[in-house]
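Worksheet for the structure shown next.
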Amino acid sequence: MTALPPSTNKKLGLVVDLDTCVGCHACAVACKEWNTGGLAGPTEDRDPDGKTPEGVWYLRVHSYELSQHNAPDATVYFPKSCLHCEDAPCVTVCPTGASFKRQEDGIVLVDPDTCIGCKLCSWACPYGAREYDATAGVMRKCTLCIDRIYDQSLPEERRVPACVSACPVGARHFGDLGDPTSKVSELVKQRDGRDLMPELGLKPVNKYLPKRRRDSAGVALPPLPALVKSLGEAIGRWAGRTL
C-alpha cells in the first residue's frame, strides 16, 4: 500500500462559500473543459448527445433543500470534488502507488500509468470524489489544475484552478491553507469555515463556508452550527454510506 508523507510543505486547496454559490455549474463546466485538454485529460464522455450520457467529472454540483427553524427554507448548492485530505484513505489503500499525495504542496493525484483501475480508492473515499474512466480503465479526480497553477507563462492572477477563475460570483477561493496568514486561511477564520464530515478524522484541506440563515426579510441570522455536518450526512447517503 502507499504511504502518506509525514507532512507537507504547503496545503493547497479550495474554500467554497455555500452562502454565495448560485448553482450555475460554471465551475464544473470550466473544470471539464480545462482538464479535457490539459495534463489530466482527456476526460471521458460516452454518448454525450444520447439519452443516457455518461462521463467523468472532477467536480459535481449537488442541490439540497434545507428546512430551517424560524426561517424560510433554503436551497443550498453544494459543489464537491476531491478535498485533498491530509489523512487520505484513497492513497493508503492503493496497491500500486498510483494514488499519492505530493509532499511539496499536499495535492493528491493519480498516476494513470500505474493505476490498474481496481477502484479501491473510490471505495475508500467517503466523499465520492473519485471517478472511474471506463474508456481508459483508470481512476480520475481533481488535480487542482496542477498544470495551470504552476504555469509561469500565465499571468499570476490566472494561476488558479479553472473552477476558481470561472466562478461568476466569487464563491470559490484558492490558496495555501497551511499558511495561517494566507487570504484563504483568514477567510476560513472570519466565516467559521468547516470540514466536510469532520467526524471521520480525515482532515480535508478544502473548507466550506456555511450558508447564513436569513429571516423572511432577508436579514442574516446566527449561523447554524450543524449545517455542514448535516450536509455531510446528505452526501454520505448519496454515496451509499450510513454515517
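Ligands are numbered from 1 in the order shown, chains are lettered A, B, ... in the order of the C-alpha cells, and residues start at 1 in each chain.
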Just want the 7 Å neighbourhood of region 79-87 of chain A, counted on only C-alpha atoms, with same-chain residues fewer than 5 positions away dropped. Output as a PDB file with N, CA and C atoms, in the first residue's frame.
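Full text of around13.pdb as output:
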```pdb
ATOM      1  N   TYR A  58     -14.645  15.873 -12.674  1.00  0.00           N
ATOM      2  CA  TYR A  58     -13.854  16.025 -11.458  1.00  0.00           C
ATOM      3  C   TYR A  58     -14.605  16.841 -10.404  1.00  0.00           C
ATOM      4  N   LEU A  59     -15.590  17.582 -10.841  1.00  0.00           N
ATOM      5  CA  LEU A  59     -16.350  18.467  -9.956  1.00  0.00           C
ATOM      6  C   LEU A  59     -17.827  18.349 -10.302  1.00  0.00           C
ATOM      7  N   ARG A  60     -18.628  18.077  -9.305  1.00  0.00           N
ATOM      8  CA  ARG A  60     -20.079  17.984  -9.497  1.00  0.00           C
ATOM      9  C   ARG A  60     -20.775  18.901  -8.502  1.00  0.00           C
ATOM     10  N   VAL A  61     -21.887  19.488  -8.911  1.00  0.00           N
ATOM     11  CA  VAL A  61     -22.640  20.412  -8.062  1.00  0.00           C
ATOM     12  C   VAL A  61     -23.964  19.756  -7.683  1.00  0.00           C
ATOM     13  N   HIS A  62     -24.182  19.570  -6.387  1.00  0.00           N
ATOM     14  CA  HIS A  62     -25.405  18.959  -5.886  1.00  0.00           C
ATOM     15  C   HIS A  62     -26.310  20.039  -5.273  1.00  0.00           C
ATOM     16  N   ILE A 107      -1.126  18.179  -2.697  1.00  0.00           N
ATOM     17  CA  ILE A 107      -2.129  17.799  -3.696  1.00  0.00           C
ATOM     18  C   ILE A 107      -2.136  16.280  -3.861  1.00  0.00           C
ATOM     19  N   VAL A 108      -3.334  15.705  -3.876  1.00  0.00           N
ATOM     20  CA  VAL A 108      -3.497  14.270  -4.103  1.00  0.00           C
ATOM     21  C   VAL A 108      -3.731  14.041  -5.595  1.00  0.00           C
ATOM     22  N   ALA A 129     -15.507  11.229  -4.327  1.00  0.00           N
ATOM     23  CA  ALA A 129     -14.799  12.195  -5.171  1.00  0.00           C
ATOM     24  C   ALA A 129     -13.974  11.546  -6.275  1.00  0.00           C
ATOM     25  N   LYS A 141      -9.636  12.175 -10.946  1.00  0.00           N
ATOM     26  CA  LYS A 141     -10.038  13.044  -9.847  1.00  0.00           C
ATOM     27  C   LYS A 141      -9.512  14.453 -10.060  1.00  0.00           C
ATOM     28  N   CYS A 142      -9.972  15.365  -9.217  1.00  0.00           N
ATOM     29  CA  CYS A 142      -9.497  16.748  -9.233  1.00  0.00           C
ATOM     30  C   CYS A 142      -7.996  16.803  -8.998  1.00  0.00           C
ATOM     31  N   LEU A 202     -10.405  12.703   8.715  1.00  0.00           N
ATOM     32  CA  LEU A 202      -9.522  12.646   7.551  1.00  0.00           C
ATOM     33  C   LEU A 202      -8.816  13.975   7.283  1.00  0.00           C
ATOM     34  N   LYS A 203      -9.211  15.013   7.962  1.00  0.00           N
ATOM     35  CA  LYS A 203      -8.608  16.345   7.855  1.00  0.00           C
ATOM     36  C   LYS A 203      -8.551  16.848   6.406  1.00  0.00           C
ATOM     37  N   PRO A 204      -9.709  16.992   5.777  1.00  0.00           N
ATOM     38  CA  PRO A 204      -9.710  17.521   4.411  1.00  0.00           C
ATOM     39  C   PRO A 204      -9.137  18.920   4.369  1.00  0.00           C
ATOM     40  N   VAL A 205      -8.333  19.193   3.342  1.00  0.00           N
ATOM     41  CA  VAL A 205      -7.734  20.519   3.206  1.00  0.00           C
ATOM     42  C   VAL A 205      -8.790  21.529   2.765  1.00  0.00           C
ATOM     43  N   ASN A 206      -9.627  21.165   1.802  1.00  0.00           N
ATOM     44  CA  ASN A 206     -10.693  22.066   1.342  1.00  0.00           C
ATOM     45  C   ASN A 206     -11.649  22.375   2.485  1.00  0.00           C
TER      46      ASN A 206
END
```
Name the residues of region 30-136 of chain A that fall into alpha helix (DSSP H) according to DSSP on the backbone, using the chain letters and numbers of this document, as number ranges by chain. A: 30-37, 89-92, 120-124
Of the candidates A:Val91, A:Glu44, A:Leu187, A:Thr181, which one gets nearest to Gly137 (chain A) if we count only C-alpha atoms?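 Among the listed residues, the smallest separation from Gly137 (chain A) belongs to A:Glu44.
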Fewer than 3 positions away in the same chain doesn't count, so skip those; otherwise give me all residues within 6 Å of Gly106 (chain A), counting only C-alpha atoms, as a PyMOL selection string. chain A and resi 8+11+101-103
Save out the residues we just selected, N, CA and C atoms, as a JSON list (two decimals), in the first residue's frame.
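Output below, filename part.json:
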```json
[["chain", "number", "residue", "atom", "x", "y", "z"],
["A", 8, "THR", "N", 3.43, 18.04, 4.81],
["A", 8, "THR", "CA", 3.59, 18.67, 3.50],
["A", 8, "THR", "C", 4.05, 20.11, 3.68],
["A", 11, "LYS", "N", -0.35, 23.37, 1.97],
["A", 11, "LYS", "CA", -1.65, 22.69, 1.92],
["A", 11, "LYS", "C", -2.53, 23.46, 0.94],
["A", 101, "LYS", "N", 0.08, 11.47, -2.53],
["A", 101, "LYS", "CA", -0.03, 12.85, -2.04],
["A", 101, "LYS", "C", 1.33, 13.50, -2.12],
["A", 102, "ARG", "N", 1.39, 14.64, -2.80],
["A", 102, "ARG", "CA", 2.66, 15.34, -3.01],
["A", 102, "ARG", "C", 3.11, 16.03, -1.72],
["A", 103, "GLN", "N", 4.38, 15.85, -1.38],
["A", 103, "GLN", "CA", 4.90, 16.47, -0.17],
["A", 103, "GLN", "C", 5.07, 17.98, -0.33]]
```
Region 148-156 of chain A: which residues within 12 Å, counting only C-alpha atoms, same-chain residues fewer than 3 positions away excluded, as a list in words? Leu12, Gly13, Cys31, Trp34, Asn35, Gly37, Gly38, Leu39, Ala40, Asp105, Ile107, Thr143, Leu144, Cys145, Arg159, Val160, Pro161, Ala162, Cys163, Val164, Ser165, Phe174 and Gly175 of chain A
Residues near Glu33 (chain A), anyone? I mean within 10 Å using only C-alpha atoms, not counting same-chain ones fewer than 6 positions away, as a ChimeraX atom specification. /A:27,41-43,162
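Remark: for Val76 (chain A), the closest of the candidate residues A:Val184, A:Cys125, A:Asp179, A:Cys21 is A:Cys21 (distances computed over only C-alpha atoms).
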Write out as number ranges by chain the set of residues from region 78-178 of chain A that DSSP, computed on the backbone, places in strand (DSSP E or B). A: 78-80, 99-101, 108-110, 131-133, 138-140, 172-176
Spatial neighbours of region 111-121 of chain A, 9 Å, only C-alpha atoms, chain gap at least 2 places, as JSON, numbers by chain: {"A": [40, 89, 90, 91, 92, 93, 94, 95, 96, 97, 98, 99, 100, 109, 123, 124, 125, 130, 131, 132, 133, 134, 136, 137, 138, 139, 140]}
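Of the listed residues (A:Lys10, A:Val22, A:Arg194, A:Glu199), A:Val22 comes nearest to Ala74 (chain A); the distances count only C-alpha atoms.
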